[in-house]
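Below is the file upload.pdb, which contains PDB, C-alpha atoms.
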ATOM      1  CA  MET C1351       8.046  -3.245 -12.319  1.00  0.00           C
ATOM      2  CA  HIS C1352      11.733  -3.933 -11.780  1.00  0.00           C
ATOM      3  CA  PRO C1353      13.124  -2.777  -8.413  1.00  0.00           C
ATOM      4  CA  GLU C1354      15.359  -0.280 -10.212  1.00  0.00           C
ATOM      5  CA  PHE C1355      12.272   1.567 -11.444  1.00  0.00           C
ATOM      6  CA  TRP C1356      11.112   2.302  -7.896  1.00  0.00           C
ATOM      7  CA  HIS C1357      14.595   3.106  -6.615  1.00  0.00           C
ATOM      8  CA  GLU C1358      14.992   5.640  -9.436  1.00  0.00           C
ATOM      9  CA  ARG C1359      11.599   7.196  -8.686  1.00  0.00           C
ATOM     10  CA  TRP C1360      12.497   7.721  -5.034  1.00  0.00           C
ATOM     11  CA  GLN C1361      15.987   8.978  -5.850  1.00  0.00           C
ATOM     12  CA  ALA C1362      14.558  11.498  -8.301  1.00  0.00           C
ATOM     13  CA  GLY C1363      11.737  12.518  -5.967  1.00  0.00           C
ATOM     14  CA  GLN C1364       9.171  11.413  -8.555  1.00  0.00           C
ATOM     15  CA  ILE C1365       6.658  10.190  -5.994  1.00  0.00           C
ATOM     16  CA  GLY C1366       3.333  11.474  -7.256  1.00  0.00           C
ATOM     17  CA  PHE C1367       1.816   8.282  -5.854  1.00  0.00           C
ATOM     18  CA  HIS C1368       2.551   9.532  -2.318  1.00  0.00           C
ATOM     19  CA  GLN C1369      -0.487  11.212  -0.806  1.00  0.00           C
ATOM     20  CA  SER C1370      -0.151  14.211   1.492  1.00  0.00           C
ATOM     21  CA  GLY C1371      -3.038  13.065   3.687  1.00  0.00           C
ATOM     22  CA  VAL C1372      -4.887   9.999   4.873  1.00  0.00           C
ATOM     23  CA  HIS C1373      -6.891   8.185   2.222  1.00  0.00           C
ATOM     24  CA  PRO C1374     -10.620   8.849   2.751  1.00  0.00           C
ATOM     25  CA  PHE C1375     -11.507   5.201   2.078  1.00  0.00           C
ATOM     26  CA  LEU C1376      -9.315   4.182   5.018  1.00  0.00           C
ATOM     27  CA  GLU C1377     -11.127   6.572   7.336  1.00  0.00           C
ATOM     28  CA  GLN C1378     -14.529   5.533   5.995  1.00  0.00           C
ATOM     29  CA  PHE C1379     -14.162   1.769   5.867  1.00  0.00           C
ATOM     30  CA  TRP C1380     -11.536   0.699   8.379  1.00  0.00           C
ATOM     31  CA  PRO C1381     -14.139   0.305  11.150  1.00  0.00           C
ATOM     32  CA  ARG C1382     -15.785  -2.387   8.990  1.00  0.00           C
ATOM     33  CA  LEU C1383     -12.743  -4.609   9.580  1.00  0.00           C
ATOM     34  CA  GLU C1384     -13.418  -4.621  13.352  1.00  0.00           C
ATOM     35  CA  ILE C1385      -9.750  -4.865  14.335  1.00  0.00           C
ATOM     36  CA  ALA C1386      -9.284  -4.173  18.033  1.00  0.00           C
ATOM     37  CA  PRO C1387      -6.539  -1.817  19.218  1.00  0.00           C
ATOM     38  CA  GLY C1388      -3.340  -3.804  19.503  1.00  0.00           C
ATOM     39  CA  GLY C1389      -4.050  -5.724  16.298  1.00  0.00           C
ATOM     40  CA  ARG C1390      -1.072  -5.832  13.952  1.00  0.00           C
ATOM     41  CA  VAL C1391      -1.624  -4.598  10.377  1.00  0.00           C
ATOM     42  CA  TYR C1392       0.408  -5.495   7.290  1.00  0.00           C
ATOM     43  CA  VAL C1393       0.907  -2.677   4.739  1.00  0.00           C
ATOM     44  CA  PRO C1394       2.614  -3.959   1.560  1.00  0.00           C
ATOM     45  CA  LEU C1395       4.641  -1.550  -0.610  1.00  0.00           C
ATOM     46  CA  CYS C1396       4.091   1.020   2.098  1.00  0.00           C
ATOM     47  CA  GLY C1397       6.343   3.872   0.948  1.00  0.00           C
ATOM     48  CA  LYS C1398       6.116   6.612   3.560  1.00  0.00           C
ATOM     49  CA  SER C1399       2.329   6.577   3.636  1.00  0.00           C
ATOM     50  CA  LEU C1400       0.568   8.661   6.257  1.00  0.00           C
ATOM     51  CA  ASP C1401      -2.088   5.963   6.325  1.00  0.00           C
ATOM     52  CA  MET C1402       0.327   4.019   8.557  1.00  0.00           C
ATOM     53  CA  VAL C1403       0.325   6.899  11.035  1.00  0.00           C
ATOM     54  CA  TRP C1404      -3.472   6.972  11.064  1.00  0.00           C
ATOM     55  CA  LEU C1405      -3.556   3.242  11.816  1.00  0.00           C
ATOM     56  CA  ALA C1406      -0.902   3.527  14.520  1.00  0.00           C
ATOM     57  CA  GLU C1407      -2.829   6.352  16.171  1.00  0.00           C
ATOM     58  CA  ARG C1408      -5.700   3.879  16.557  1.00  0.00           C
ATOM     59  CA  GLY C1409      -3.542   1.500  18.511  1.00  0.00           C
ATOM     60  CA  HIS C1410      -2.335  -0.820  15.745  1.00  0.00           C
ATOM     61  CA  GLY C1411       1.142  -2.172  15.260  1.00  0.00           C
ATOM     62  CA  ILE C1412       2.316  -1.652  11.694  1.00  0.00           C
ATOM     63  CA  VAL C1413       4.533  -3.931   9.634  1.00  0.00           C
ATOM     64  CA  GLY C1414       5.267  -2.694   6.144  1.00  0.00           C
ATOM     65  CA  THR C1415       7.354  -3.810   3.201  1.00  0.00           C
ATOM     66  CA  GLU C1416       9.169  -1.296   1.017  1.00  0.00           C
ATOM     67  CA  LEU C1417      11.980  -1.525  -1.538  1.00  0.00           C
ATOM     68  CA  SER C1418      13.366   1.966  -1.036  1.00  0.00           C
ATOM     69  CA  ASP C1419      15.537   2.834   1.943  1.00  0.00           C
ATOM     70  CA  ILE C1420      14.887   6.501   1.049  1.00  0.00           C
ATOM     71  CA  ALA C1421      11.145   6.021   1.623  1.00  0.00           C
ATOM     72  CA  ILE C1422      11.757   4.279   4.936  1.00  0.00           C
ATOM     73  CA  ARG C1423      14.225   6.859   6.231  1.00  0.00           C
ATOM     74  CA  ASP C1424      11.969   9.701   5.107  1.00  0.00           C
ATOM     75  CA  PHE C1425       9.032   8.143   6.931  1.00  0.00           C
ATOM     76  CA  PHE C1426      10.821   7.892  10.264  1.00  0.00           C
ATOM     77  CA  SER C1427      12.397  11.335   9.858  1.00  0.00           C
ATOM     78  CA  GLU C1428       9.065  12.985   9.063  1.00  0.00           C
ATOM     79  CA  GLN C1429       7.513  11.314  12.109  1.00  0.00           C
ATOM     80  CA  GLY C1430      10.401  12.458  14.321  1.00  0.00           C
ATOM     81  CA  LEU C1431      11.400   8.899  15.184  1.00  0.00           C
ATOM     82  CA  SER C1432      14.824   7.352  15.668  1.00  0.00           C
ATOM     83  CA  PHE C1433      14.867   3.758  14.484  1.00  0.00           C
ATOM     84  CA  ASP C1434      16.911   0.623  14.926  1.00  0.00           C
ATOM     85  CA  THR C1435      18.001  -1.508  11.973  1.00  0.00           C
ATOM     86  CA  ARG C1436      18.978  -5.157  11.828  1.00  0.00           C
ATOM     87  CA  PRO C1437      19.318  -7.731   9.060  1.00  0.00           C
ATOM     88  CA  ASP C1438      16.481 -10.232   8.784  1.00  0.00           C
ATOM     89  CA  GLY C1439      16.981 -12.785   6.005  1.00  0.00           C
ATOM     90  CA  PRO C1440      16.621 -11.008   2.636  1.00  0.00           C
ATOM     91  CA  PHE C1441      15.326  -7.893   4.412  1.00  0.00           C
ATOM     92  CA  ARG C1442      16.603  -5.118   6.623  1.00  0.00           C
ATOM     93  CA  ARG C1443      14.153  -4.563   9.485  1.00  0.00           C
ATOM     94  CA  HIS C1444      13.796  -0.945  10.616  1.00  0.00           C
ATOM     95  CA  ALA C1445      11.819  -0.476  13.829  1.00  0.00           C
ATOM     96  CA  ALA C1446      10.631   2.385  16.005  1.00  0.00           C
ATOM     97  CA  ALA C1447       7.547   2.918  18.159  1.00  0.00           C
ATOM     98  CA  SER C1448       4.618   1.045  16.565  1.00  0.00           C
ATOM     99  CA  TYR C1449       6.349   0.549  13.216  1.00  0.00           C
ATOM    100  CA  GLU C1450       8.413  -2.238  11.667  1.00  0.00           C
ATOM    101  CA  LEU C1451       9.338  -1.510   8.060  1.00  0.00           C
ATOM    102  CA  LEU C1452      11.020  -4.315   6.134  1.00  0.00           C
ATOM    103  CA  GLU C1453      13.310  -3.056   3.398  1.00  0.00           C
ATOM    104  CA  GLY C1454      13.189  -5.524   0.526  1.00  0.00           C
ATOM    105  CA  ASP C1455      10.972  -7.289  -2.001  1.00  0.00           C
ATOM    106  CA  ALA C1456       7.455  -7.919  -0.661  1.00  0.00           C
ATOM    107  CA  LEU C1457       7.208 -11.055  -2.797  1.00  0.00           C
ATOM    108  CA  GLU C1458      10.021 -12.614  -0.755  1.00  0.00           C
ATOM    109  CA  LEU C1459       8.181 -12.141   2.531  1.00  0.00           C
ATOM    110  CA  THR C1460       7.347 -15.285   4.504  1.00  0.00           C
ATOM    111  CA  PRO C1461       4.855 -15.755   7.343  1.00  0.00           C
ATOM    112  CA  ASP C1462       7.758 -16.223   9.771  1.00  0.00           C
ATOM    113  CA  ALA C1463       9.376 -12.950   8.749  1.00  0.00           C
ATOM    114  CA  LEU C1464       6.051 -11.120   8.826  1.00  0.00           C
ATOM    115  CA  GLY C1465       4.994 -12.481  12.198  1.00  0.00           C
ATOM    116  CA  PRO C1466       1.397 -12.623  13.421  1.00  0.00           C
ATOM    117  CA  VAL C1467      -0.947 -10.119  11.800  1.00  0.00           C
ATOM    118  CA  HIS C1468      -4.653  -9.458  12.191  1.00  0.00           C
ATOM    119  CA  ALA C1469      -5.372  -7.495   9.003  1.00  0.00           C
ATOM    120  CA  ALA C1470      -3.850  -5.915   5.913  1.00  0.00           C
ATOM    121  CA  TYR C1471      -4.263  -2.610   4.123  1.00  0.00           C
ATOM    122  CA  ASP C1472      -3.433  -2.325   0.406  1.00  0.00           C
ATOM    123  CA  ARG C1473      -3.914   1.096  -1.142  1.00  0.00           C
ATOM    124  CA  ALA C1474      -0.928   1.217  -3.465  1.00  0.00           C
ATOM    125  CA  ALA C1475       0.497  -2.289  -3.826  1.00  0.00           C
ATOM    126  CA  LEU C1476      -1.734  -4.218  -6.228  1.00  0.00           C
ATOM    127  CA  ILE C1477      -2.161  -1.220  -8.532  1.00  0.00           C
ATOM    128  CA  ALA C1478       1.620  -0.675  -8.597  1.00  0.00           C
ATOM    129  CA  LEU C1479       2.241  -4.095 -10.124  1.00  0.00           C
ATOM    130  CA  PRO C1480       2.086  -5.025 -13.822  1.00  0.00           C
ATOM    131  CA  PRO C1481      -0.421  -7.694 -14.895  1.00  0.00           C
ATOM    132  CA  GLU C1482       2.054 -10.574 -14.944  1.00  0.00           C
ATOM    133  CA  THR C1483       3.089  -9.949 -11.327  1.00  0.00           C
ATOM    134  CA  ARG C1484      -0.348  -9.486  -9.804  1.00  0.00           C
ATOM    135  CA  PRO C1485      -1.231 -13.229  -9.541  1.00  0.00           C
ATOM    136  CA  VAL C1486       2.040 -13.908  -7.705  1.00  0.00           C
ATOM    137  CA  TYR C1487       1.318 -11.031  -5.348  1.00  0.00           C
ATOM    138  CA  ALA C1488      -2.230 -12.259  -4.628  1.00  0.00           C
ATOM    139  CA  GLN C1489      -0.907 -15.743  -3.879  1.00  0.00           C
ATOM    140  CA  SER C1490       1.660 -14.211  -1.533  1.00  0.00           C
ATOM    141  CA  MET C1491      -1.023 -12.303   0.350  1.00  0.00           C
ATOM    142  CA  ALA C1492      -3.055 -15.488   0.757  1.00  0.00           C
ATOM    143  CA  ALA C1493      -0.003 -17.253   2.182  1.00  0.00           C
ATOM    144  CA  LEU C1494       0.768 -14.442   4.631  1.00  0.00           C
ATOM    145  CA  LEU C1495      -2.672 -13.795   6.109  1.00  0.00           C
ATOM    146  CA  PRO C1496      -4.389 -16.113   8.593  1.00  0.00           C
ATOM    147  CA  PRO C1497      -7.897 -17.526   8.025  1.00  0.00           C
ATOM    148  CA  GLY C1498     -10.608 -15.028   8.885  1.00  0.00           C
ATOM    149  CA  SER C1499      -8.370 -11.984   8.657  1.00  0.00           C
ATOM    150  CA  PRO C1500      -9.621  -8.994   6.634  1.00  0.00           C
ATOM    151  CA  THR C1501      -7.895  -6.815   4.064  1.00  0.00           C
ATOM    152  CA  LEU C1502      -8.995  -3.375   2.943  1.00  0.00           C
ATOM    153  CA  LEU C1503      -8.048  -3.187  -0.755  1.00  0.00           C
ATOM    154  CA  VAL C1504      -8.198  -0.007  -2.840  1.00  0.00           C
ATOM    155  CA  THR C1505      -7.916  -0.149  -6.643  1.00  0.00           C
ATOM    156  CA  LEU C1506      -8.146   2.173  -9.631  1.00  0.00           C
ATOM    157  CA  GLU C1507     -10.152   1.676 -12.826  1.00  0.00           C
ATOM    158  CA  TYR C1508      -9.548   3.637 -16.019  1.00  0.00           C
ATOM    159  CA  PRO C1509      -8.979   2.909 -19.734  1.00  0.00           C
ATOM    160  CA  GLN C1510      -5.512   1.361 -19.518  1.00  0.00           C
ATOM    161  CA  GLU C1511      -4.852   1.956 -23.219  1.00  0.00           C
ATOM    162  CA  MET C1512      -5.036   5.708 -22.631  1.00  0.00           C
ATOM    163  CA  LYS C1513      -2.286   5.890 -20.008  1.00  0.00           C
ATOM    164  CA  GLY C1514       0.543   3.625 -18.957  1.00  0.00           C
ATOM    165  CA  GLY C1515       0.966   2.579 -15.362  1.00  0.00           C
ATOM    166  CA  PRO C1516       1.842   2.563 -12.607  1.00  0.00           C
ATOM    167  CA  PRO C1517      -0.618   3.052 -11.118  1.00  0.00           C
ATOM    168  CA  PHE C1518      -2.369   0.407 -13.185  1.00  0.00           C
ATOM    169  CA  SER C1519      -6.053  -0.148 -13.754  1.00  0.00           C
ATOM    170  CA  VAL C1520      -7.351  -3.240 -11.936  1.00  0.00           C
ATOM    171  CA  GLU C1521     -11.028  -3.797 -12.599  1.00  0.00           C
ATOM    172  CA  ALA C1522     -13.529  -5.781 -10.565  1.00  0.00           C
ATOM    173  CA  ASP C1523     -13.358  -8.889 -12.757  1.00  0.00           C
ATOM    174  CA  GLU C1524      -9.608  -9.105 -12.208  1.00  0.00           C
ATOM    175  CA  VAL C1525      -9.986  -8.623  -8.459  1.00  0.00           C
ATOM    176  CA  ARG C1526     -12.339 -11.605  -8.418  1.00  0.00           C
ATOM    177  CA  GLU C1527      -9.990 -13.662 -10.585  1.00  0.00           C
ATOM    178  CA  LEU C1528      -7.020 -12.886  -8.338  1.00  0.00           C
ATOM    179  CA  TYR C1529      -8.643 -13.323  -4.945  1.00  0.00           C
ATOM    180  CA  ASP C1530     -11.889 -15.276  -5.045  1.00  0.00           C
ATOM    181  CA  TRP C1531     -10.180 -18.652  -4.556  1.00  0.00           C
ATOM    182  CA  SER C1532      -8.689 -17.534  -1.245  1.00  0.00           C
ATOM    183  CA  PHE C1533     -10.771 -14.580  -0.017  1.00  0.00           C
ATOM    184  CA  ARG C1534     -14.424 -13.667   0.281  1.00  0.00           C
ATOM    185  CA  ILE C1535     -14.860 -10.388  -1.605  1.00  0.00           C
ATOM    186  CA  GLU C1536     -17.240  -7.553  -0.762  1.00  0.00           C
ATOM    187  CA  THR C1537     -17.329  -4.394  -2.847  1.00  0.00           C
ATOM    188  CA  LEU C1538     -17.628  -1.416  -0.501  1.00  0.00           C
ATOM    189  CA  LEU C1539     -17.609   1.552  -2.873  1.00  0.00           C
ATOM    190  CA  ARG C1540     -16.766   2.552  -6.444  1.00  0.00           C
ATOM    191  CA  LYS C1541     -16.386   6.299  -6.930  1.00  0.00           C
ATOM    192  CA  ASP C1542     -15.314   8.526  -9.825  1.00  0.00           C
ATOM    193  CA  MET C1543     -12.292  10.565  -8.667  1.00  0.00           C
ATOM    194  CA  ILE C1544     -11.296  12.190 -11.967  1.00  0.00           C
ATOM    195  CA  ALA C1545     -11.864  15.698 -10.582  1.00  0.00           C
ATOM    196  CA  GLU C1546      -9.194  15.075  -7.941  1.00  0.00           C
ATOM    197  CA  ASN C1547      -6.698  13.639 -10.462  1.00  0.00           C
ATOM    198  CA  PRO C1548      -5.948  16.241 -13.135  1.00  0.00           C
ATOM    199  CA  LYS C1549      -3.037  14.285 -14.647  1.00  0.00           C
ATOM    200  CA  PHE C1550      -5.506  11.640 -15.782  1.00  0.00           C
ATOM    201  CA  ALA C1551      -7.964  14.218 -17.099  1.00  0.00           C
ATOM    202  CA  GLU C1552      -5.186  15.964 -19.053  1.00  0.00           C
ATOM    203  CA  VAL C1553      -4.680  12.912 -21.285  1.00  0.00           C
ATOM    204  CA  GLY C1554      -8.386  12.677 -22.031  1.00  0.00           C
ATOM    205  CA  ILE C1555      -9.404   9.980 -19.565  1.00  0.00           C
ATOM    206  CA  PRO C1556     -13.146  10.555 -19.010  1.00  0.00           C
ATOM    207  CA  ALA C1557     -13.460   8.832 -15.616  1.00  0.00           C
ATOM    208  CA  LEU C1558     -11.129   7.472 -12.965  1.00  0.00           C
ATOM    209  CA  TYR C1559     -12.790   5.189 -10.480  1.00  0.00           C
ATOM    210  CA  GLU C1560     -11.400   4.236  -7.109  1.00  0.00           C
ATOM    211  CA  ALA C1561     -12.884   1.075  -5.672  1.00  0.00           C
ATOM    212  CA  ALA C1562     -12.717  -0.259  -2.135  1.00  0.00           C
ATOM    213  CA  TYR C1563     -13.048  -3.957  -1.321  1.00  0.00           C
ATOM    214  CA  LEU C1564     -13.216  -5.916   1.883  1.00  0.00           C
ATOM    215  CA  LEU C1565     -11.367  -9.209   1.447  1.00  0.00           C
ATOM    216  CA  THR C1566     -11.723 -11.884   4.119  1.00  0.00           C
ATOM    217  CA  ARG C1567      -9.272 -14.762   4.080  1.00  0.00           C
ATOM    218  CA  ARG C1568     -11.042 -18.085   3.555  1.00  0.00           C
ATOM    219  CA  SER C1569     -10.205 -21.152   5.639  1.00  0.00           C
ATOM    220  CA  GLY C1570      -8.644 -24.218   4.064  1.00  0.00           C
ATOM    221  CA  THR C1571      -7.325 -22.605   0.860  1.00  0.00           C
TER     222      THR C1571
END

As structure tokens, the full file:
Amino acid sequence: MHPEFWHERWQAGQIGFHQSGVHPFLEQFWPRLEIAPGGRVYVPLCGKSLDMVWLAERGHGIVGTELSDIAIRDFFSEQGLSFDTRPDGPFRRHAAASYELLEGDALELTPDALGPVHAAYDRAALIALPPETRPVYAQSMAALLPPGSPTLLVTLEYPQEMKGGPPFSVEADEVRELYDWSFRIETLLRKDMIAENPKFAEVGIPALYEAAYLLTRRSGT
């Protein structure tokens, strides 16, 4: 999607993608990543997600990317944090406590700007991107993450022809096509969540699956 789309959504308060609690897949599967306290976690297209708070409470440093300054300011305000801001290349880096949120386009992020990270968490990034952008995003993630590092990826699956995105449907075959060259892929869970998502049921979608994957960055690719 064009950046203007997301800026308009935040300006209008149309943020149905924001969840009021921690995602249950994060609570269930994060221990599988075996990231020690102090490990730094990358959260692309982070919004003001409370998942970042959950990770920080477990001793992790958080670095996120987000287009909207409204999302970033809301996050720090809702956490009761004052933050410092400085320019950093094409980004503005906002920092407080365990959090560094980079305001700008995630696809412009470089390893130097990101800094050392030990893992990544993607609940709402891949599924926010249209099909033509997803390969570029997957290549970017491969470039940013060091060999051996894990990513917890959450996707949605539903009949795309019945409802426009975002969030978009990204099925298992596409996950393999996007990531298998650079990551080992383990499917952790695929669960029908239609009962918890009435807006999908209202348009006649019979099932809405959420899937969790553990991606491990391969060496030498």

**Fill in**
If you count all atoms listed in the file, the residue of C:Gly1454, C:Pro1548, C:Pro1374, C:Pro1437 closest to Pro1353 of chain C turns out to be C:Gly1454

Do you know which residues are at most 12 Å from Phe1550 of chain C counting only C-alpha atoms, after dropping those on the same chain fewer than 2 positions away, and could you put them as a CSV table (one decimal) with C-alpha atoms, in the frame of the given file?
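The result, written out as out.csv:
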chain,number,residue,atom,x,y,z
C,1506,LEU,CA,-8.1,2.2,-9.6
C,1507,GLU,CA,-10.2,1.7,-12.8
C,1508,TYR,CA,-9.5,3.6,-16.0
C,1509,PRO,CA,-9.0,2.9,-19.7
C,1510,GLN,CA,-5.5,1.4,-19.5
C,1512,MET,CA,-5.0,5.7,-22.6
C,1513,LYS,CA,-2.3,5.9,-20.0
C,1514,GLY,CA,0.5,3.6,-19.0
C,1515,GLY,CA,1.0,2.6,-15.4
C,1517,PRO,CA,-0.6,3.1,-11.1
C,1518,PHE,CA,-2.4,0.4,-13.2
C,1519,SER,CA,-6.1,-0.1,-13.8
C,1542,ASP,CA,-15.3,8.5,-9.8
C,1543,MET,CA,-12.3,10.6,-8.7
C,1544,ILE,CA,-11.3,12.2,-12.0
C,1545,ALA,CA,-11.9,15.7,-10.6
C,1546,GLU,CA,-9.2,15.1,-7.9
C,1547,ASN,CA,-6.7,13.6,-10.5
C,1548,PRO,CA,-5.9,16.2,-13.1
C,1552,GLU,CA,-5.2,16.0,-19.1
C,1553,VAL,CA,-4.7,12.9,-21.3
C,1554,GLY,CA,-8.4,12.7,-22.0
C,1555,ILE,CA,-9.4,10.0,-19.6
C,1556,PRO,CA,-13.1,10.6,-19.0
C,1557,ALA,CA,-13.5,8.8,-15.6
C,1558,LEU,CA,-11.1,7.5,-13.0
C,1559,TYR,CA,-12.8,5.2,-10.5

**Message:** Restricting the calculation to all atoms listed in the file: of C:Leu1464, C:Asp1455, C:Leu1476, C:Ala1469, which residue gets closest to Pro1387 of chain C?
**Reply:**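 Nearest to Pro1387 of chain C: C:Ala1469.
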
**Request:** Apply the PyMOL selection byres ((chain C and resi 1392) around 6) to the file shown and report the selected residues as a PyMOL selection string.
**Result:** chain C and resi 1391+1393+1413-1414+1470

**Message:** Using all atoms listed in the file for the distances, tell me which of C:Gln1489, C:Ser1448, C:Gln1378, C:Ser1399 is nearest to Asp1424 of chain C.
**Reply:**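 Between C:Gln1489, C:Ser1448, C:Gln1378, C:Ser1399, the residue approaching Asp1424 of chain C most closely is C:Ser1399.
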